[in-house]
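Trainee: If it helps, the file is called protein-v5.cif and holds mmCIF, C-alpha atoms (C1' of nucleotides):
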data_data
loop_
_atom_site.label_atom_id
_atom_site.label_comp_id
_atom_site.auth_asym_id
_atom_site.auth_seq_id
_atom_site.Cartn_x
_atom_site.Cartn_y
_atom_site.Cartn_z
CA MET A 12 -28.61 15.66 -22.15
CA GLN A 13 -24.92 15.95 -21.38
CA PRO A 14 -23.08 18.35 -23.70
CA GLU A 15 -20.71 15.68 -25.12
CA ARG A 16 -17.45 17.07 -23.88
CA ARG A 17 -14.44 16.82 -26.14
CA SER A 18 -12.50 15.11 -23.34
CA ASP A 19 -14.83 12.14 -23.10
CA ALA A 20 -12.32 9.87 -24.82
CA THR A 21 -9.68 10.74 -22.25
CA ARG A 22 -12.08 10.28 -19.37
CA ALA A 23 -12.97 6.83 -20.67
CA ALA A 24 -9.33 5.88 -21.17
CA ILE A 25 -8.54 6.89 -17.58
CA LEU A 26 -11.46 4.88 -16.25
CA ARG A 27 -10.51 1.81 -18.27
CA ALA A 28 -6.88 1.97 -17.13
CA ALA A 29 -7.96 2.59 -13.55
CA ARG A 30 -10.23 -0.46 -13.57
CA GLU A 31 -7.42 -2.68 -14.80
CA ARG A 32 -4.83 -1.35 -12.37
CA PHE A 33 -7.14 -1.43 -9.37
CA ALA A 34 -8.22 -4.96 -10.27
CA ALA A 35 -4.65 -6.15 -10.66
CA ASP A 36 -3.06 -4.39 -7.70
CA GLY A 37 -5.77 -3.24 -5.31
CA TYR A 38 -6.28 0.29 -4.08
CA GLN A 39 -2.96 0.87 -2.31
CA ARG A 40 -0.57 -0.53 -4.88
CA ALA A 41 -2.27 0.97 -7.89
CA THR A 42 -0.72 4.39 -8.42
CA ILE A 43 -2.11 7.41 -10.20
CA ARG A 44 1.09 7.59 -12.21
CA ALA A 45 0.76 4.01 -13.42
CA ILE A 46 -2.87 4.50 -14.37
CA ALA A 47 -2.00 7.68 -16.25
CA ALA A 48 0.84 5.89 -18.06
CA ASP A 49 -1.52 3.10 -19.13
CA ALA A 50 -3.97 5.66 -20.42
CA ALA A 51 -1.11 7.53 -22.13
CA ILE A 52 -1.92 10.82 -20.51
CA ASP A 53 -0.50 13.04 -17.79
CA PRO A 54 -1.18 12.23 -14.11
CA SER A 55 -2.60 15.68 -13.57
CA MET A 56 -5.41 14.86 -15.98
CA VAL A 57 -6.60 12.21 -13.57
CA MET A 58 -6.90 14.80 -10.85
CA ARG A 59 -8.64 17.27 -13.11
CA TYR A 60 -11.33 14.82 -14.17
CA TYR A 61 -11.78 12.71 -11.04
CA GLY A 62 -10.66 14.97 -8.19
CA ASN A 63 -8.50 12.54 -6.27
CA LYS A 64 -7.57 8.90 -6.00
CA ALA A 65 -10.47 7.94 -3.75
CA GLN A 66 -13.03 9.42 -6.12
CA LEU A 67 -11.38 7.71 -9.07
CA PHE A 68 -11.66 4.42 -7.21
CA ALA A 69 -15.30 5.07 -6.44
CA ALA A 70 -15.96 5.72 -10.12
CA ALA A 71 -14.08 2.56 -11.09
CA VAL A 72 -16.11 0.28 -8.83
CA ASP A 73 -19.51 1.78 -9.54
CA VAL A 74 -21.03 -1.53 -10.51
CA HIS A 75 -24.10 -3.64 -10.07
CA LEU A 76 -24.18 -7.43 -10.10
CA ARG A 77 -26.94 -7.76 -12.71
CA LEU A 78 -28.22 -10.84 -10.97
CA PRO A 79 -30.69 -12.84 -13.02
CA ASP A 80 -34.32 -12.44 -12.08
CA VAL A 81 -35.12 -14.91 -9.32
CA ALA A 82 -38.68 -15.34 -10.48
CA GLY A 83 -37.65 -16.90 -13.76
CA ILE A 84 -35.58 -19.68 -12.19
CA PRO A 85 -36.88 -23.01 -10.91
CA ARG A 86 -36.54 -23.04 -7.16
CA ASP A 87 -34.35 -26.13 -7.12
CA ARG A 88 -31.92 -24.67 -9.66
CA LEU A 89 -31.14 -21.39 -7.88
CA GLY A 90 -27.75 -22.52 -6.61
CA GLU A 91 -26.41 -23.71 -9.93
CA THR A 92 -27.79 -20.69 -11.73
CA LEU A 93 -26.20 -18.19 -9.36
CA VAL A 94 -22.80 -19.90 -9.41
CA ALA A 95 -22.87 -20.14 -13.19
CA HIS A 96 -23.79 -16.47 -13.43
CA PHE A 97 -20.97 -15.34 -11.19
CA ILE A 98 -18.33 -17.47 -12.88
CA LYS A 99 -19.31 -16.16 -16.27
CA ARG A 100 -19.42 -12.66 -14.85
CA TRP A 101 -15.88 -12.48 -13.55
CA GLU A 102 -14.36 -14.72 -16.14
CA GLY A 103 -15.66 -12.66 -19.02
CA ASP A 104 -14.82 -9.15 -20.11
CA PRO A 105 -11.56 -8.18 -18.40
CA SER A 106 -12.46 -4.50 -18.57
CA ASP A 107 -15.30 -5.22 -16.17
CA ASP A 108 -13.43 -6.56 -13.16
CA ALA A 109 -15.08 -4.22 -10.73
CA LEU A 110 -16.10 -7.08 -8.48
CA LEU A 111 -12.57 -8.45 -8.32
CA THR A 112 -11.31 -4.95 -7.71
CA LEU A 113 -13.59 -4.62 -4.72
CA LEU A 114 -12.75 -8.06 -3.40
CA ARG A 115 -9.03 -7.44 -3.68
CA SER A 116 -9.15 -3.98 -2.15
CA ALA A 117 -11.65 -4.80 0.58
CA ALA A 118 -8.99 -6.78 2.40
CA THR A 119 -7.04 -3.64 3.26
CA ASP A 120 -9.25 -0.69 2.38
CA GLU A 121 -12.25 0.12 4.52
CA ALA A 122 -13.99 2.12 1.80
CA ALA A 123 -13.87 -0.84 -0.55
CA ALA A 124 -15.09 -3.16 2.19
CA SER A 125 -17.98 -0.85 2.90
CA ARG A 126 -18.89 -0.72 -0.76
CA LEU A 127 -18.80 -4.53 -0.97
CA ARG A 128 -21.09 -4.80 2.04
CA ASP A 129 -23.49 -2.40 0.36
CA ILE A 130 -23.55 -4.52 -2.77
CA PHE A 131 -24.25 -7.54 -0.64
CA ALA A 132 -27.10 -5.87 1.23
CA SER A 133 -28.73 -4.37 -1.83
CA GLN A 134 -28.30 -7.21 -4.31
CA VAL A 135 -27.67 -10.56 -2.63
CA ALA A 136 -29.89 -10.27 0.40
CA PRO A 137 -33.00 -9.60 -1.71
CA VAL A 138 -32.47 -12.85 -3.57
CA ALA A 139 -32.56 -14.75 -0.31
CA LEU A 140 -35.57 -12.76 0.77
CA ALA A 141 -37.40 -13.77 -2.38
CA VAL A 142 -37.09 -17.46 -1.58
CA CYS A 143 -37.44 -17.32 2.19
CA PRO A 144 -40.47 -15.81 3.94
CA ASP A 145 -38.81 -15.05 7.28
CA PRO A 146 -36.58 -11.94 6.96
CA ALA A 147 -34.23 -12.88 9.81
CA GLU A 148 -33.66 -16.31 8.39
CA ALA A 149 -33.23 -14.88 4.91
CA THR A 150 -30.43 -12.64 6.15
CA VAL A 151 -28.63 -15.59 7.64
CA ARG A 152 -29.03 -17.51 4.39
CA ALA A 153 -27.72 -14.61 2.35
CA GLY A 154 -24.68 -14.36 4.61
CA LEU A 155 -23.91 -18.01 4.12
CA VAL A 156 -24.23 -17.64 0.37
CA ALA A 157 -21.81 -14.71 0.44
CA THR A 158 -19.41 -16.83 2.45
CA GLN A 159 -19.30 -19.48 -0.25
CA MET A 160 -19.38 -17.21 -3.30
CA LEU A 161 -16.71 -14.79 -2.11
CA GLY A 162 -14.58 -17.72 -0.97
CA LEU A 163 -14.83 -19.23 -4.42
CA ALA A 164 -13.91 -15.94 -6.08
CA PHE A 165 -11.04 -15.38 -3.67
CA CYS A 166 -9.53 -18.84 -4.15
CA ARG A 167 -10.00 -18.94 -7.91
CA GLN A 168 -9.27 -15.37 -8.99
CA ILE A 169 -7.08 -13.83 -6.33
CA LEU A 170 -5.27 -16.54 -4.40
CA ARG A 171 -5.20 -18.69 -7.55
CA LEU A 172 -5.25 -21.90 -5.57
CA PRO A 173 -4.25 -24.58 -8.11
CA PRO A 174 -7.10 -27.10 -7.72
CA VAL A 175 -9.69 -24.34 -7.72
CA VAL A 176 -8.14 -22.71 -10.76
CA ALA A 177 -7.94 -26.05 -12.55
CA ALA A 178 -11.58 -26.88 -11.93
CA THR A 179 -13.86 -26.45 -14.92
CA PRO A 180 -16.74 -24.01 -14.67
CA SER A 181 -19.26 -26.80 -15.11
CA SER A 182 -17.87 -28.88 -12.26
CA LEU A 183 -17.86 -25.83 -9.98
CA VAL A 184 -21.45 -25.11 -10.94
CA VAL A 185 -22.42 -28.60 -9.81
CA GLN A 186 -20.30 -28.82 -6.67
CA VAL A 187 -20.53 -25.28 -5.32
CA GLY A 188 -24.01 -24.81 -6.71
CA ALA A 189 -25.25 -27.59 -4.43
CA THR A 190 -23.90 -25.68 -1.43
CA VAL A 191 -25.51 -22.42 -2.44
CA GLN A 192 -28.75 -24.25 -3.10
CA ARG A 193 -28.69 -25.69 0.41
CA TYR A 194 -27.91 -22.30 1.93
CA LEU A 195 -30.87 -20.76 0.10
CA THR A 196 -33.59 -23.39 0.36
CA GLY A 197 -32.27 -26.32 2.40
CA GLU A 198 -32.39 -27.26 6.04
CA LEU A 199 -30.00 -25.19 8.15
CA GLY A 200 -30.34 -26.78 11.57
CA ALA A 201 -30.92 -24.29 14.35
CA VAL A 202 -30.86 -20.87 12.74
CA LEU A 203 -30.78 -18.57 15.74
CA PRO A 204 -29.04 -20.05 18.74
CA MET B 23 21.15 -24.38 22.40
CA GLN B 24 20.73 -20.70 21.59
CA PRO B 25 22.94 -18.42 23.70
CA GLU B 26 20.01 -16.44 25.14
CA ARG B 27 20.77 -13.07 23.72
CA ARG B 28 20.10 -10.05 25.84
CA SER B 29 17.95 -8.55 23.09
CA ASP B 30 15.41 -11.35 23.06
CA ALA B 31 12.80 -9.20 24.78
CA THR B 32 13.10 -6.53 22.10
CA ARG B 33 12.98 -9.11 19.33
CA ALA B 34 9.79 -10.54 20.79
CA ALA B 35 8.23 -7.10 21.20
CA ILE B 36 8.95 -6.30 17.57
CA LEU B 37 7.45 -9.59 16.42
CA ARG B 38 4.35 -9.11 18.51
CA ALA B 39 3.79 -5.58 17.26
CA ALA B 40 4.49 -6.69 13.69
CA ARG B 41 1.88 -9.46 13.92
CA GLU B 42 -0.75 -7.04 15.16
CA ARG B 43 0.00 -4.37 12.59
CA PHE B 44 0.21 -6.77 9.68
CA ALA B 45 -3.01 -8.44 10.79
CA ALA B 46 -4.82 -5.13 11.09
CA ASP B 47 -3.51 -3.39 7.98
CA GLY B 48 -1.96 -5.95 5.64
CA TYR B 49 1.54 -5.89 4.27
CA GLN B 50 1.43 -2.61 2.35
CA ARG B 51 -0.27 -0.38 4.88
CA ALA B 52 1.62 -1.64 7.90
CA THR B 53 4.73 0.51 8.22
CA ILE B 54 8.02 -0.22 9.91
CA ARG B 55 7.70 3.04 11.79
CA ALA B 56 4.29 2.14 13.17
CA ILE B 57 5.46 -1.30 14.23
CA ALA B 58 8.49 0.22 15.94
CA ALA B 59 6.30 2.75 17.72
CA ASP B 60 4.01 -0.01 18.99
CA ALA B 61 7.02 -1.90 20.27
CA ALA B 62 8.40 1.33 21.78
CA ILE B 63 11.75 1.03 20.03
CA ASP B 64 13.58 2.69 17.17
CA PRO B 65 12.76 1.74 13.58
CA SER B 66 16.37 0.91 12.92
CA MET B 67 16.16 -1.91 15.47
CA VAL B 68 13.68 -3.63 13.22
CA MET B 69 16.18 -3.59 10.41
CA ARG B 70 19.00 -4.76 12.60
CA TYR B 71 17.11 -7.79 13.87
CA TYR B 72 15.01 -8.76 10.85
CA GLY B 73 16.92 -7.39 7.88
CA ASN B 74 14.07 -5.77 5.99
CA LYS B 75 10.30 -5.52 5.85
CA ALA B 76 9.81 -8.63 3.75
CA GLN B 77 11.82 -10.78 6.14
CA LEU B 78 9.95 -9.34 9.11
CA PHE B 79 6.70 -10.27 7.42
CA ALA B 80 7.97 -13.77 6.76
CA ALA B 81 8.87 -14.13 10.42
CA ALA B 82 5.47 -12.80 11.47
CA VAL B 83 3.53 -15.33 9.41
CA ASP B 84 5.66 -18.35 10.16
CA VAL B 85 2.74 -20.37 11.39
CA HIS B 86 1.23 -23.80 11.19
CA LEU B 87 -2.47 -24.56 11.41
CA ARG B 88 -2.16 -27.19 14.16
CA LEU B 89 -5.03 -29.09 12.65
CA PRO B 90 -6.43 -31.79 14.91
CA ASP B 91 -5.40 -35.30 14.09
CA VAL B 92 -7.79 -36.68 11.50
CA ALA B 93 -7.51 -40.20 12.83
CA GLY B 94 -9.10 -39.27 16.13
CA ILE B 95 -12.28 -37.84 14.63
CA PRO B 96 -15.36 -39.77 13.58
CA ARG B 97 -15.60 -39.64 9.82
CA ASP B 98 -19.04 -38.07 9.86
CA ARG B 99 -17.94 -35.28 12.20
CA LEU B 100 -14.96 -34.02 10.22
CA GLY B 101 -16.76 -30.97 8.85
CA GLU B 102 -18.04 -29.69 12.17
CA THR B 103 -14.73 -30.40 13.87
CA LEU B 104 -12.69 -28.50 11.31
CA VAL B 105 -14.99 -25.48 11.29
CA ALA B 106 -15.04 -25.39 15.08
CA HIS B 107 -11.26 -25.60 15.17
CA PHE B 108 -10.77 -22.74 12.75
CA ILE B 109 -13.28 -20.46 14.43
CA LYS B 110 -11.66 -21.00 17.80
CA ARG B 111 -8.27 -20.54 16.20
CA TRP B 112 -8.80 -17.11 14.74
CA GLU B 113 -11.20 -15.90 17.38
CA GLY B 114 -8.82 -16.65 20.20
CA ASP B 115 -5.48 -15.15 21.10
CA PRO B 116 -5.18 -11.88 19.18
CA SER B 117 -1.40 -12.12 19.19
CA ASP B 118 -1.73 -15.15 16.95
CA ASP B 119 -3.50 -13.71 13.96
CA ALA B 120 -1.00 -15.05 11.47
CA LEU B 121 -3.72 -16.65 9.41
CA LEU B 122 -5.71 -13.44 9.18
CA THR B 123 -2.53 -11.59 8.35
CA LEU B 124 -1.91 -13.92 5.44
CA LEU B 125 -5.50 -13.78 4.26
CA ARG B 126 -5.55 -9.99 4.35
CA SER B 127 -2.21 -9.56 2.66
CA ALA B 128 -2.66 -12.31 0.08
CA ALA B 129 -5.16 -10.14 -1.77
CA THR B 130 -2.48 -7.70 -2.86
CA ASP B 131 0.87 -9.29 -2.02
CA GLU B 132 2.10 -12.18 -4.08
CA ALA B 133 4.51 -13.41 -1.40
CA ALA B 134 1.69 -13.71 1.09
CA ALA B 135 -0.48 -15.46 -1.49
CA SER B 136 2.29 -17.93 -2.18
CA ARG B 137 2.72 -18.61 1.49
CA LEU B 138 -1.01 -19.20 1.89
CA ARG B 139 -0.98 -21.65 -1.00
CA ASP B 140 1.88 -23.49 0.66
CA ILE B 141 -0.06 -23.78 3.89
CA PHE B 142 -2.97 -25.12 1.95
CA ALA B 143 -0.90 -27.70 0.11
CA SER B 144 0.99 -28.88 3.16
CA GLN B 145 -1.76 -28.84 5.76
CA VAL B 146 -5.24 -28.91 4.24
CA ALA B 147 -4.66 -31.20 1.29
CA PRO B 148 -3.33 -34.03 3.52
CA VAL B 149 -6.55 -33.99 5.52
CA ALA B 150 -8.54 -34.60 2.37
CA LEU B 151 -6.07 -37.25 1.32
CA ALA B 152 -6.59 -39.07 4.57
CA VAL B 153 -10.31 -39.47 3.96
CA CYS B 154 -10.27 -39.99 0.22
CA PRO B 155 -8.30 -42.77 -1.48
CA ASP B 156 -7.99 -41.17 -4.92
CA PRO B 157 -5.33 -38.38 -4.86
CA ALA B 158 -6.80 -36.40 -7.75
CA GLU B 159 -10.24 -36.41 -6.19
CA ALA B 160 -8.75 -35.53 -2.80
CA THR B 161 -7.12 -32.45 -4.28
CA VAL B 162 -10.43 -31.29 -5.70
CA ARG B 163 -12.10 -31.88 -2.35
CA ALA B 164 -9.40 -29.94 -0.51
CA GLY B 165 -9.82 -27.03 -2.92
CA LEU B 166 -13.54 -26.92 -2.26
CA VAL B 167 -12.93 -26.97 1.48
CA ALA B 168 -10.51 -24.06 1.14
CA THR B 169 -13.12 -22.18 -0.85
CA GLN B 170 -15.63 -22.43 1.98
CA MET B 171 -13.25 -21.95 4.91
CA LEU B 172 -11.44 -18.94 3.47
CA GLY B 173 -14.74 -17.44 2.39
CA LEU B 174 -16.03 -17.77 5.93
CA ALA B 175 -12.90 -16.19 7.37
CA PHE B 176 -13.00 -13.40 4.82
CA CYS B 177 -16.65 -12.51 5.40
CA ARG B 178 -16.49 -12.80 9.19
CA GLN B 179 -13.09 -11.38 10.07
CA ILE B 180 -12.08 -9.09 7.22
CA LEU B 181 -15.16 -7.90 5.36
CA ARG B 182 -17.15 -8.06 8.60
CA LEU B 183 -20.39 -8.78 6.80
CA PRO B 184 -23.08 -8.17 9.42
CA PRO B 185 -25.05 -11.44 9.29
CA VAL B 186 -21.86 -13.49 9.26
CA VAL B 187 -20.43 -11.50 12.15
CA ALA B 188 -23.66 -11.83 14.09
CA ALA B 189 -23.84 -15.58 13.68
CA THR B 190 -22.86 -17.59 16.74
CA PRO B 191 -19.92 -19.99 16.50
CA SER B 192 -22.17 -22.95 17.18
CA SER B 193 -24.60 -22.11 14.39
CA LEU B 194 -21.71 -21.66 11.97
CA VAL B 195 -20.30 -24.99 13.04
CA VAL B 196 -23.58 -26.66 12.12
CA GLN B 197 -24.33 -24.77 8.92
CA VAL B 198 -20.88 -24.42 7.38
CA GLY B 199 -19.72 -27.69 8.90
CA ALA B 200 -22.30 -29.53 6.84
CA THR B 201 -20.82 -28.02 3.68
CA VAL B 202 -17.26 -28.95 4.60
CA GLN B 203 -18.45 -32.43 5.48
CA ARG B 204 -20.01 -32.84 2.05
CA TYR B 205 -16.89 -31.52 0.32
CA LEU B 206 -14.77 -34.04 2.21
CA THR B 207 -16.84 -37.19 2.20
CA GLY B 208 -20.04 -36.55 0.26
CA GLU B 209 -21.09 -37.05 -3.31
CA LEU B 210 -19.62 -34.42 -5.66
CA GLY B 211 -21.26 -35.22 -8.97
CA ALA B 212 -18.84 -35.50 -11.86
CA VAL B 213 -15.42 -34.70 -10.39
CA LEU B 214 -13.27 -34.30 -13.47
CA PRO B 215 -15.15 -33.01 -16.47
"C1'" DA C 16 -9.34 35.97 -38.33
"C1'" DG C 17 -9.38 36.56 -33.26
"C1'" DC C 18 -10.91 35.54 -28.86
"C1'" DC C 19 -11.31 32.26 -25.02
"C1'" DA C 20 -12.44 28.45 -22.69
"C1'" DA C 21 -11.29 23.67 -22.68
"C1'" DT C 22 -7.56 20.49 -22.84
"C1'" DG C 23 -3.07 18.83 -22.18
"C1'" DC C 24 1.86 18.88 -20.50
"C1'" DC C 25 5.69 20.04 -17.34
"C1'" DA C 26 7.96 20.84 -13.14
"C1'" DA C 27 7.61 21.04 -8.54
"C1'" DC C 28 5.97 20.66 -3.68
"C1'" DA C 29 5.10 18.30 0.70
"C1'" DC C 30 5.00 14.13 2.70
"C1'" DG C 31 5.75 9.33 4.12
"C1'" DT C 32 8.29 5.31 3.05
"C1'" DG C 33 12.22 1.68 3.70
"C1'" DT C 34 16.74 1.83 4.73
"C1'" DT C 35 21.52 3.22 6.22
"C1'" DG C 36 25.43 4.90 8.88
"C1'" DA C 37 27.53 7.13 12.71
"C1'" DC C 38 27.26 8.04 17.42
"C1'" DT C 39 26.19 6.96 22.46
"C1'" DT C 40 24.95 4.01 26.21
"C1'" DT C 41 24.64 -0.38 28.52
"C1'" DC C 42 26.34 -4.50 30.34
"C1'" DC C 43 29.06 -8.70 30.34
"C1'" DT C 44 33.82 -10.53 30.53
"C1'" DG C 45 38.76 -10.76 31.34
"C1'" DC D 24 38.40 -1.95 37.09
"C1'" DA D 25 39.12 -1.57 31.94
"C1'" DG D 26 37.95 -3.18 27.43
"C1'" DG D 27 34.83 -4.19 23.97
"C1'" DA D 28 31.01 -6.04 21.96
"C1'" DA D 29 26.13 -5.75 22.09
"C1'" DA D 30 22.04 -2.77 22.30
"C1'" DG D 31 19.89 1.42 21.46
"C1'" DT D 32 19.40 6.38 19.57
"C1'" DC D 33 19.56 10.05 16.20
"C1'" DA D 34 19.62 12.16 11.87
"C1'" DA D 35 19.66 11.67 7.26
"C1'" DC D 36 19.37 9.73 2.45
"C1'" DA D 37 17.01 8.28 -1.74
"C1'" DC D 38 12.85 7.33 -3.53
"C1'" DG D 39 7.93 7.13 -4.76
"C1'" DT D 40 3.58 8.96 -3.63
"C1'" DG D 41 -0.73 12.15 -4.24
"C1'" DT D 42 -1.43 16.59 -5.47
"C1'" DT D 43 -0.92 21.45 -7.27
"C1'" DG D 44 -0.19 25.52 -10.17
"C1'" DG D 45 1.69 27.59 -14.31
"C1'" DC D 46 2.32 27.42 -19.13
"C1'" DA D 47 1.52 25.84 -23.98
"C1'" DT D 48 -1.75 24.03 -27.30
"C1'" DT D 49 -6.01 23.02 -29.28
"C1'" DG D 50 -10.48 23.85 -31.35
"C1'" DG D 51 -15.04 25.88 -31.65
"C1'" DC D 52 -17.29 30.24 -31.53
"C1'" DT D 53 -18.71 35.13 -33.27
#
Rewrite the structure from the file as structure tokens, please.

Mentor:
Amino acid sequence: MQPERRSDATRAAILRAARERFAADGYQRATIRAIAADAAIDPSMVMRYYGNKAQLFAAAVDVHLRLPDVAGIPRDRLGETLVAHFIKRWEGDPSDDALLTLLRSAATDEAAASRLRDIFASQVAPVALAVCPDPAEATVRAGLVATQMLGLAFCRQILRLPPVVAATPSSLVVQVGATVQRYLTGELGAVLP
Amino acid sequence: MQPERRSDATRAAILRAARERFAADGYQRATIRAIAADAAIDPSMVMRYYGNKAQLFAAAVDVHLRLPDVAGIPRDRLGETLVAHFIKRWEGDPSDDALLTLLRSAATDEAAASRLRDIFASQVAPVALAVCPDPAEATVRAGLVATQMLGLAFCRQILRLPPVVAATPSSLVVQVGATVQRYLTGELGAVLP
DNA sequence: AGCCAATGCCAACACGTGTTGACTTTCCTG
DNA sequence: CAGGAAAGTCAACACGTGTTGGCATTGGCT
């Protein structure tokens, strides 16, 4: 379909460097010049191919969570499965830190925060809806899950809190998985007071 | 003790404005000029009284959690009590958003992250240690608590995720409190694999 | 080969930043 | 009242930022 431009290699190099810089420094601190230096090209190339810094950021965080299909998971193993999936996701390929990029930048950049909320609404909320018949209650459950999952990511990957960093993936899957499981399918007490 | 300098009012105004700006924008985006404008003084006053931006930030986040005394709380109410305390803490006086300031800035500023880790080690870990005899296990428990509490703060105050913002304090106390309770005193599965 | 668009590099602009130094005003003290 | 330190104001510096336009170079086409 696309005419295979000769500059595709450069475009990819810019995007790769941008993902790493944005993930490491967040939106503000990552500079066009630093990204261009990492990609070994001129800063003006970034502008030519991506317009401006905001559009480059948008391209760098264009990501989907690739959550596993809820239907294929035993109902009482949802928590562990989701935690295991996320840990593997952000511990794996370092060129794919889009989620960490968003988390880091969302603290100070409204556009990143908005994007993160979108991802939540379009990809986490449906999971809760699939296991909970009442939509209002499902939304509450999804919010609680986000609370725990983002907190885990923040403490382990960004704040690098020693005990959370030292914990093995398998122990986190058990301990945090139990919480997520309760938020999804357990008793919540009064849901709407 | 202190000689009651004549400039104390200005110093206080700077500190108040700095706390609000840092809390709203984080370390990078908050500018000396904006802080000075809020305090209705000249930017150079900030430098005279606080040296530089980093030292002003340090002064603005010099905070302690004022956690309630663990001894006075029934063991099976620790989770709810802690969650209730934190919610009241950061939902209350807006001039005292030091915790939010740290949380927001820690995502991109290593000094803020370090300070937040210190607060954790010196004020949250001891709580876990008071309810758990084994120090290694207590550290793990404290890390899990941080995971949930910071995740709640992040989703509610910074990301402003709609369902978490909409939730009432009392429902959060019940739902998240149960998680914190389990992290502190409940069964964790294998703790050190 | 010779054109010409695509690609890349260079220098510069306009702006906002933290920070500094010199000057003026205020107010306490002798 | 006179002196002087403290408090406050003003203008500027040095630097890094995103962004722009002009110029050289490349490479595929007829």

Trainee: Pull out every residue of chain C sitting within 9 Å of chain B, counting all atoms listed in the file, and send them as a PDB file with C-alpha atoms (C1' of nucleotides), in the frame of the given file.

Mentor:
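Output file part-v5.pdb follows:
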ATOM      1  C1'  DT C  32       8.290   5.310   3.050  1.00  0.00           C
ATOM      2  C1'  DG C  33      12.220   1.680   3.700  1.00  0.00           C
ATOM      3  C1'  DT C  34      16.740   1.830   4.730  1.00  0.00           C
ATOM      4  C1'  DT C  35      21.520   3.220   6.220  1.00  0.00           C
TER       5       DT C  35
END

Trainee: Any chance you could resolve the PyMOL selection byres ((chain B) within 7 of (chain A)) against this file and give the residues as a ChimeraX atom specification?

Mentor: /B:47-48,126,128-130,135,139,161-162,165,169-170,172-174,177,180-181,183,185-186,190,193,196-197,201,210-213,215

Trainee: What gap, in Å, lies between atom CA of Thr112 of chain A and atom CA of Val72 of chain A?

Mentor: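 Separating atom CA of Thr112 of chain A from atom CA of Val72 of chain A is a distance of 7.2 Å.
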
Trainee: At what distance in Å, to one decimal, does atom CA of Ala122 of chain A lie from atom CA of Ala109 of chain A?

Mentor: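 Computing the Euclidean distance for atom CA of Ala109 of chain A and atom CA of Ala122 of chain A yields 14.1 Å.
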
Trainee: Anything within 10 Å of (10.9, 10.4, 4.7): list those residues as a PDB file with C-alpha atoms (C1' of nucleotides), in the frame of the given file, counting all atoms listed in the file and sticking to the file's coordinates.

Mentor:
ATOM      1  C1'  DC C  30       5.000  14.130   2.700  1.00  0.00           C
ATOM      2  C1'  DG C  31       5.750   9.330   4.120  1.00  0.00           C
ATOM      3  C1'  DT C  32       8.290   5.310   3.050  1.00  0.00           C
ATOM      4  C1'  DG C  33      12.220   1.680   3.700  1.00  0.00           C
TER       5       DG C  33
ATOM      6  C1'  DA D  35      19.660  11.670   7.260  1.00  0.00           C
ATOM      7  C1'  DC D  36      19.370   9.730   2.450  1.00  0.00           C
ATOM      8  C1'  DA D  37      17.010   8.280  -1.740  1.00  0.00           C
ATOM      9  C1'  DC D  38      12.850   7.330  -3.530  1.00  0.00           C
TER      10       DC D  38
END

Trainee: Can you spell out as number ranges by chain the set of residues that the PyMOL selection byres ((chain B) within 9 of (chain D)) selects in the structure I just provided?

Mentor: B: 28-29, 63-64, 67

Trainee: Under the PyMOL selection byres ((chain A and resi 90) around 6), which residues of this model are included? Write them out as a PyMOL selection string.

Mentor: chain A and resi 88-89+91-93+188+191-192

Trainee: Smallest atom-to-atom distance to Leu37 of chain B: which of B:Asp119, B:Pro90, B:Pro96, B:Glu113, using all atoms listed in the file?

Mentor: B:Asp119

Trainee: Each side padded by 8 Å, which centre and which edge lengths in Å (one decimal) define the axis-aligned box around the listed atoms of segment 189-193 of chain B? Give them as JSON.

Mentor:
{"center_x": -22.3, "center_y": -19.3, "center_z": 15.4, "size_x": 20.7, "size_y": 23.4, "size_z": 19.5}

Trainee: Go ahead and compute the interatomic distance for atom CA of Gly114 of chain B and atom CA of Arg88 of chain B, in Å to one decimal.

Mentor: 13.9 Å
